[in-house]
Amino acid sequence: MPGVKPIPDGYPRVSPYLFVDGAAAAIDFYTSVLGATQRGDRMTGPDGRVGHAELQLGDSVIMLADEYPEVGALGPKTVGGSPVLLNVYVADVDAVFAKALAAGAVELRPLADQFYGDRSGSFEDPFGHRWSVASHVEDVPPEEMAARAAAAMGGS
């Protein structure tokens, strides 16, 4: 149709779409732990399952829904885990990480200062999705980055 934008305003080029067993609880987790806000109304089916919801997280959009096995929409716990790690920059990584663990997330990699200037750690949320949270704590010049990377990877 003429005048219709192929990429609608307010949507980044890539938006993860998460399927979870318990979308309503996942929305609560992502809003309370990561600071996401719900965009618009949840589309809930007659059986009570969330058919579609959108969360705003900074300039990113996360779409999510309950599992719908009848159309192959399965969450990570149903399929045996997720190979995907979602990275989120936050203002206070220590507070967010602690809040995630207190809300039922499982630590995958403890918080640590990284050679590339971030303080980060990773966890699996109660729904099986894996997250890396980070705060940028140091601007590392390119020459220093190369030296640190070599040292971190066993080089000199």
# chains A, B, ... in the order shown; residues from 1 in each chain; ligands from 1
$ residues_around --residues "region 22-25 of chain A" --least-positions-apart "4" --cutoff "10 Å" --atoms "only C-alpha atoms" --output "PyMOL selection string"
chain A and resi 18+29-31+42+44+48-53+64-67+75+126-127
$ write_last_selection --atoms "N, CA and C atoms" --output "PDB file, in the first residue's frame"
ATOM      1  N   LEU A  18      10.279 -14.183  22.155  1.00  0.00           N
ATOM      2  CA  LEU A  18      10.486 -15.253  23.111  1.00  0.00           C
ATOM      3  C   LEU A  18       9.192 -16.018  23.358  1.00  0.00           C
ATOM      4  N   PHE A  29       8.776 -10.760  35.455  1.00  0.00           N
ATOM      5  CA  PHE A  29      10.211 -10.893  35.696  1.00  0.00           C
ATOM      6  C   PHE A  29      10.990  -9.841  34.908  1.00  0.00           C
ATOM      7  N   TYR A  30      10.710  -9.711  33.622  1.00  0.00           N
ATOM      8  CA  TYR A  30      11.465  -8.783  32.772  1.00  0.00           C
ATOM      9  C   TYR A  30      11.204  -7.328  33.149  1.00  0.00           C
ATOM     10  N   THR A  31      10.001  -7.015  33.616  1.00  0.00           N
ATOM     11  CA  THR A  31       9.737  -5.635  34.028  1.00  0.00           C
ATOM     12  C   THR A  31      10.388  -5.337  35.378  1.00  0.00           C
ATOM     13  N   ARG A  42      -1.677  -6.659  26.241  1.00  0.00           N
ATOM     14  CA  ARG A  42      -1.387  -8.056  25.956  1.00  0.00           C
ATOM     15  C   ARG A  42      -2.550  -8.616  25.156  1.00  0.00           C
ATOM     16  N   THR A  44      -4.499 -11.709  24.798  1.00  0.00           N
ATOM     17  CA  THR A  44      -4.723 -12.952  25.522  1.00  0.00           C
ATOM     18  C   THR A  44      -5.858 -13.710  24.870  1.00  0.00           C
ATOM     19  N   GLY A  48      -6.665 -18.140  28.080  1.00  0.00           N
ATOM     20  CA  GLY A  48      -5.855 -17.439  29.058  1.00  0.00           C
ATOM     21  C   GLY A  48      -4.393 -17.299  28.685  1.00  0.00           C
ATOM     22  N   ARG A  49      -3.960 -17.964  27.619  1.00  0.00           N
ATOM     23  CA  ARG A  49      -2.565 -17.848  27.215  1.00  0.00           C
ATOM     24  C   ARG A  49      -2.321 -16.487  26.550  1.00  0.00           C
ATOM     25  N   VAL A  50      -1.128 -15.946  26.804  1.00  0.00           N
ATOM     26  CA  VAL A  50      -0.721 -14.707  26.147  1.00  0.00           C
ATOM     27  C   VAL A  50      -0.348 -15.068  24.715  1.00  0.00           C
ATOM     28  N   GLY A  51      -1.075 -14.498  23.758  1.00  0.00           N
ATOM     29  CA  GLY A  51      -0.795 -14.747  22.348  1.00  0.00           C
ATOM     30  C   GLY A  51       0.270 -13.813  21.802  1.00  0.00           C
ATOM     31  N   HIS A  52       0.377 -12.632  22.392  1.00  0.00           N
ATOM     32  CA  HIS A  52       1.395 -11.669  21.963  1.00  0.00           C
ATOM     33  C   HIS A  52       1.455 -10.551  22.992  1.00  0.00           C
ATOM     34  N   ALA A  53       2.679 -10.165  23.324  1.00  0.00           N
ATOM     35  CA  ALA A  53       2.920  -8.994  24.170  1.00  0.00           C
ATOM     36  C   ALA A  53       4.233  -8.383  23.711  1.00  0.00           C
ATOM     37  N   LEU A  64       6.909 -11.381  23.059  1.00  0.00           N
ATOM     38  CA  LEU A  64       6.828 -12.676  23.698  1.00  0.00           C
ATOM     39  C   LEU A  64       5.405 -13.189  23.738  1.00  0.00           C
ATOM     40  N   ALA A  65       5.309 -14.492  23.908  1.00  0.00           N
ATOM     41  CA  ALA A  65       4.013 -15.170  23.992  1.00  0.00           C
ATOM     42  C   ALA A  65       4.191 -16.459  24.774  1.00  0.00           C
ATOM     43  N   ASP A  66       3.075 -16.982  25.233  1.00  0.00           N
ATOM     44  CA  ASP A  66       3.089 -18.312  25.828  1.00  0.00           C
ATOM     45  C   ASP A  66       3.419 -19.338  24.755  1.00  0.00           C
ATOM     46  N   GLU A  67       3.775 -20.519  25.200  1.00  0.00           N
ATOM     47  CA  GLU A  67       3.981 -21.620  24.260  1.00  0.00           C
ATOM     48  C   GLU A  67       2.664 -21.954  23.568  1.00  0.00           C
ATOM     49  N   GLY A  75       8.998 -23.029  24.163  1.00  0.00           N
ATOM     50  CA  GLY A  75      10.004 -22.325  24.943  1.00  0.00           C
ATOM     51  C   GLY A  75      11.217 -23.195  25.201  1.00  0.00           C
ATOM     52  N   PRO A 126      13.981 -17.848  35.014  1.00  0.00           N
ATOM     53  CA  PRO A 126      13.149 -18.994  35.426  1.00  0.00           C
ATOM     54  C   PRO A 126      12.396 -19.669  34.277  1.00  0.00           C
ATOM     55  N   PHE A 127      12.449 -19.084  33.090  1.00  0.00           N
ATOM     56  CA  PHE A 127      11.706 -19.609  31.944  1.00  0.00           C
ATOM     57  C   PHE A 127      12.622 -20.277  30.925  1.00  0.00           C
TER      58      PHE A 127
END
$ residues_around --residues "region 34-36 of chain A" --least-positions-apart "5" --cutoff "6 Å" --atoms "only C-alpha atoms" --output "short mmCIF file (atom, residue, chain, number, x, y, z; two decimals) with C-alpha atoms, in the first residue's frame"
data_model
loop_
_atom_site.label_atom_id
_atom_site.label_comp_id
_atom_site.auth_asym_id
_atom_site.auth_seq_id
_atom_site.Cartn_x
_atom_site.Cartn_y
_atom_site.Cartn_z
CA LEU A 55 8.12 -5.01 26.06
CA GLN A 56 10.21 -1.88 25.64
CA LEU A 57 13.73 -2.15 27.02
#
$ select_by_dssp --residues "chain A" --states "alpha helix (DSSP H)" --output "VMD selection string"
chain A and resid 23 to 34 76 to 79 93 to 102 142 to 152
$ atom_distance --atom1 "CA of Val96 (chain A)" --atom2 "CA of Val133 (chain A)"
7.8 Å
$ select_by_dssp --residues "region 88-142 of chain A" --states "strand (DSSP E)" --output "list in words"
Val88, Tyr89, Val106, Glu107, Leu108, Arg109, Pro110, Leu111, Ala112, Asp113, Asp118, Arg119, Ser120, Gly121, Ser122, Phe123, Glu124, Arg130, Trp131, Ser132, Val133, Ala134, Ser135 and His136 of chain A
$ atom_distance --atom1 "CA of Ser120 (chain A)" --atom2 "CA of Ser135 (chain A)"
6.6 Å
$ residues_around --residues "Ala102 (chain A)" --least-positions-apart "4" --cutoff "12 Å" --atoms "only C-alpha atoms" --output "MDAnalysis selection string"
chainID A and resid 29 32:33 95:98 106:107 123 125:126
$ closest_residue --among "A:Pro110, A:Pro76, A:Pro141, A:Gly58" --to "Pro12 (chain A)" --atoms "only C-alpha atoms"
A:Gly58
$ residues_around --residues "Leu108 (chain A)" --least-positions-apart "6" --cutoff "9 Å" --atoms "only C-alpha atoms" --output "ChimeraX atom specification"
/A:121-124,130
$ write_last_selection --atoms "C-alpha atoms" --output "compact mmCIF listing (two decimals), in the first residue's frame"
# COMPACT_ATOMS: atom_id res chain seq x y z
CA GLY A 121 27.73 -11.79 34.13
CA SER A 122 25.09 -14.15 32.79
CA PHE A 123 22.08 -15.99 34.12
CA GLU A 124 19.26 -18.23 33.00
CA ARG A 130 19.75 -16.95 28.92
$ atom_distance --atom1 "CA of Asp41 (chain A)" --atom2 "CA of Leu101 (chain A)"
28.0 Å
$ closest_residue --among "A:Arg148, A:Lys77, A:Arg13, A:Arg119" --to "His136 (chain A)" --atoms "only C-alpha atoms"
A:Arg119
